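Notes follow the structure.
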2 protein chains.
Amino acid sequence: MVAAELDSELDLSLILHALSDPHRRTIVRELAAAAEPVPCGAIMLEVGKSTRTHHFRVLREAGLISQRREGTRKLTSLRKAEVDAEFPGLLDAVLVPVPV
Amino acid sequence: MVAAELDSELDLSLILHALSDPHRRTIVRELAAAAEPVPCGAIMLEVGKSTRTHHFRVLREAGLISQRREGTRKLTSLRKAEVDAEFPGLLDAVLVPVPV
DNA sequence: CTCTTAGTTCGACAGTCATCGTACCAAGGC
DNA sequence: GCCTTGGTACGATGACTGTCGAACTAAGAG
């Protein structure tokens, strides 16, 4: 029987695909460094608005981030605990090596 | 995108993209379990021959595996040490959670 | 109400991906 | 030589990806 996948439906293929894009790794790295919810626009990416929305959606659908509205902004936070619980060490392995 | 094609240059985007496919994770998992060079055909995948060749090429171009001919077969081995040196913990994080 | 801010939705477009079948090549075995 | 085995190369195809601009929505600020 299929176990009840409660709040955290984490698919490793989705996660790895989401993390395979440098822009999305930048977002995740910033979120991990901030340790507090951050508005989407606070993370600088050299892409258009709609492209940024697209990257945030990919991350959200992979279960890597969660978002909530706050006034005109949308605060984003990294779901580090949930991801770490399912795939220990993965985020650290991907985020630690800062590009030289 | 454009990746440095130096033989021992490991690009995290290429690696994560390579590992985001379940078939390729199966290959890597079998290679990690074998700990000895394995002929390509010894790993069962429910895809055609040319598709299997394609997956092995993606893994090779990401620097995750190395291959060498031996008679009619082609022996494949996981470049675990090199990958671990560049991205410690990544392979373990991706390979440990065996699907249920 | 109007204007600005922050972000989404909707095509559209060029590029890449996974998959396939067929043809092909290389090394042995007969 | 011929044939089998193990794998590659070559299109082709349908699906998906990252990118964009323009139009749109939601919430304040004036």
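Starting from 1 in every chain, residues are counted up; chains themselves are A, B, ... following the order of the structure tokens, and ligands are numbered from 1 as listed.
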
Contact check, chain C to chain B, at most 8 Å, counting only C-alpha atoms (C1' of nucleotides), closest pairs as CSV:
residue,atom,partner,partner_atom,distance
C:DA18,C1',B:Thr51,CA,7.5
C:DT19,C1',B:Thr51,CA,6.4
C:DC20,C1',B:Gly48,CA,7.2
C:DA26,C1',B:Thr72,CA,7.2
C:DA27,C1',B:Thr72,CA,5.2
C:DG28,C1',B:Thr72,CA,7.6

(message) Taking every C-alpha atom in sequence order, what RMSD do you get when chain A is least-squares fitted onto chain B?
(response)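 C-alpha RMSD, chain A fitted to chain B: 3.1 Å.
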
Contacts between chain B and chain D, please, where a residue of chain D counts if it comes within 8 Å (with only C-alpha atoms (C1' of nucleotides)); show its shortest atom pair and distance in Å to one decimal, rows by chain and ascending number, as JSON lines.
{"residue": "D:DT5", "atom": "C1'", "partner": "B:Thr72", "partner_atom": "CA", "distance": 7.1}
{"residue": "D:DG6", "atom": "C1'", "partner": "B:Arg73", "partner_atom": "CA", "distance": 5.5}
{"residue": "D:DG7", "atom": "C1'", "partner": "B:Arg73", "partner_atom": "CA", "distance": 7.5}
{"residue": "D:DT8", "atom": "C1'", "partner": "B:Thr53", "partner_atom": "CA", "distance": 7.5}

(request) Define the interface residues of chain A facing chain B as those within 10 Å, counting only C-alpha atoms, and report them as a list in words. (result)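 The selection requested is Asp11, Leu12, Ser13, Leu14, Ile15, Leu16, His17, Ala18, Leu19, Ser20, Asp21, Pro22, Arg25, Asp84, Glu86, Phe87, Pro88, Gly89, Leu90, Leu91, Asp92, Ala93, Val94, Leu95, Val96, Pro97 and Pro99 of chain A.
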
(request) Report as a ChimeraX atom specification: the residues of chain A with a DSSP assignment of helix (DSSP H, G or I), based on the backbone of this structure. (result) /A:12-19,22-34,40-42,49-61,80-86,90-95

Preceding selection exported with C-alpha atoms as a PDB file, in the first residue's frame:
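Written output follows (again.pdb):
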ATOM      1  CA  LEU A  12      15.132  13.044  -5.778  1.00  0.00           C
ATOM      2  CA  SER A  13      14.947  13.412  -9.550  1.00  0.00           C
ATOM      3  CA  LEU A  14      13.056  16.680  -9.206  1.00  0.00           C
ATOM      4  CA  ILE A  15      15.491  17.917  -6.570  1.00  0.00           C
ATOM      5  CA  LEU A  16      18.608  17.105  -8.564  1.00  0.00           C
ATOM      6  CA  HIS A  17      17.139  18.596 -11.695  1.00  0.00           C
ATOM      7  CA  ALA A  18      16.230  21.762  -9.788  1.00  0.00           C
ATOM      8  CA  LEU A  19      19.757  22.009  -8.386  1.00  0.00           C
ATOM      9  CA  PRO A  22      23.384  27.539 -11.656  1.00  0.00           C
ATOM     10  CA  HIS A  23      20.803  30.280 -11.160  1.00  0.00           C
ATOM     11  CA  ARG A  24      18.715  28.039  -8.942  1.00  0.00           C
ATOM     12  CA  ARG A  25      21.782  26.983  -6.951  1.00  0.00           C
ATOM     13  CA  THR A  26      22.511  30.668  -6.409  1.00  0.00           C
ATOM     14  CA  ILE A  27      18.994  31.141  -5.038  1.00  0.00           C
ATOM     15  CA  VAL A  28      19.320  28.151  -2.731  1.00  0.00           C
ATOM     16  CA  ARG A  29      22.762  29.274  -1.586  1.00  0.00           C
ATOM     17  CA  GLU A  30      21.479  32.750  -0.732  1.00  0.00           C
ATOM     18  CA  LEU A  31      18.521  31.309   1.124  1.00  0.00           C
ATOM     19  CA  ALA A  32      20.770  28.969   3.077  1.00  0.00           C
ATOM     20  CA  ALA A  33      23.027  31.873   4.007  1.00  0.00           C
ATOM     21  CA  ALA A  34      20.144  34.137   4.998  1.00  0.00           C
ATOM     22  CA  CYS A  40      12.240  36.879  -4.192  1.00  0.00           C
ATOM     23  CA  GLY A  41      13.574  40.094  -5.634  1.00  0.00           C
ATOM     24  CA  ALA A  42      16.289  40.384  -3.027  1.00  0.00           C
ATOM     25  CA  LYS A  49      11.256  38.802 -14.043  1.00  0.00           C
ATOM     26  CA  SER A  50       9.322  35.946 -15.595  1.00  0.00           C
ATOM     27  CA  THR A  51      12.415  33.778 -15.793  1.00  0.00           C
ATOM     28  CA  ARG A  52      13.020  34.339 -12.109  1.00  0.00           C
ATOM     29  CA  THR A  53       9.441  33.366 -11.361  1.00  0.00           C
ATOM     30  CA  HIS A  54      10.035  30.213 -13.382  1.00  0.00           C
ATOM     31  CA  HIS A  55      13.133  29.267 -11.360  1.00  0.00           C
ATOM     32  CA  PHE A  56      11.317  29.831  -8.072  1.00  0.00           C
ATOM     33  CA  ARG A  57       8.485  27.613  -9.268  1.00  0.00           C
ATOM     34  CA  VAL A  58      10.892  24.801 -10.175  1.00  0.00           C
ATOM     35  CA  LEU A  59      12.433  25.025  -6.704  1.00  0.00           C
ATOM     36  CA  ARG A  60       9.019  25.102  -5.049  1.00  0.00           C
ATOM     37  CA  GLU A  61       7.711  22.131  -7.038  1.00  0.00           C
ATOM     38  CA  LYS A  80      16.500  22.717   4.767  1.00  0.00           C
ATOM     39  CA  ALA A  81      15.225  20.576   7.624  1.00  0.00           C
ATOM     40  CA  GLU A  82      12.821  18.615   5.443  1.00  0.00           C
ATOM     41  CA  VAL A  83      15.373  18.080   2.690  1.00  0.00           C
ATOM     42  CA  ASP A  84      18.067  17.122   5.190  1.00  0.00           C
ATOM     43  CA  ALA A  85      15.710  14.627   6.800  1.00  0.00           C
ATOM     44  CA  GLU A  86      15.039  12.895   3.506  1.00  0.00           C
ATOM     45  CA  LEU A  90      22.783  16.521  -0.081  1.00  0.00           C
ATOM     46  CA  LEU A  91      22.319  20.253   0.412  1.00  0.00           C
ATOM     47  CA  ASP A  92      25.634  20.622   2.164  1.00  0.00           C
ATOM     48  CA  ALA A  93      27.411  18.747  -0.605  1.00  0.00           C
ATOM     49  CA  VAL A  94      25.845  20.922  -3.282  1.00  0.00           C
ATOM     50  CA  LEU A  95      26.101  24.267  -1.520  1.00  0.00           C
TER      51      LEU A  95
END

(message) If you run DSSP on the backbone here, which positions in chain A get strand (DSSP E)? Please write them as a PyMOL selection string.
(response) chain A and resi 38-39+65-70+73-78

Using only C-alpha atoms (C1' of nucleotides), which residues sit within 12 Å of DG11 (chain D) once same-chain residues fewer than 6 positions away are excluded, as a short mmCIF file (atom, residue, chain, number, x, y, z; two decimals) with C-alpha atoms (C1' of nucleotides), in the first residue's frame?
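Dumped to around-v4.cif:
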data_model
loop_
_atom_site.label_atom_id
_atom_site.label_comp_id
_atom_site.auth_asym_id
_atom_site.auth_seq_id
_atom_site.Cartn_x
_atom_site.Cartn_y
_atom_site.Cartn_z
"C1'" DC C 20 13.78 4.65 -30.59
"C1'" DG C 21 15.19 1.82 -34.90
"C1'" DT C 22 18.47 1.00 -38.12
"C1'" DA C 23 22.86 0.77 -39.63
#

(request) Could you tell me how far CA of Ile65 (chain B) lies from CA of Glu9 (chain B), in Å and to one decimal? (result)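 That distance, rounded to one decimal, is 12.9 Å.
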
(message) Could you tell me how far C1' of DT25 (chain D) sits from C1' of DC10 (chain C), in Å to one decimal place?
(response)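 A separation of 13.2 Å between them.
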
(request) Provide the C1' of DG30 (chain D) to C1' of DC3 (chain C) distance in Å, to one decimal place. (result)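 So the answer is 8.0 Å.
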
(message) Neighbouring residues of DC30 (chain C) were defined as those with any atom within 12 Å, considering only C-alpha atoms (C1' of nucleotides); residues of the same chain fewer than 5 positions away were excluded. Please report them as a ChimeraX atom specification.
(response) /D:1-4
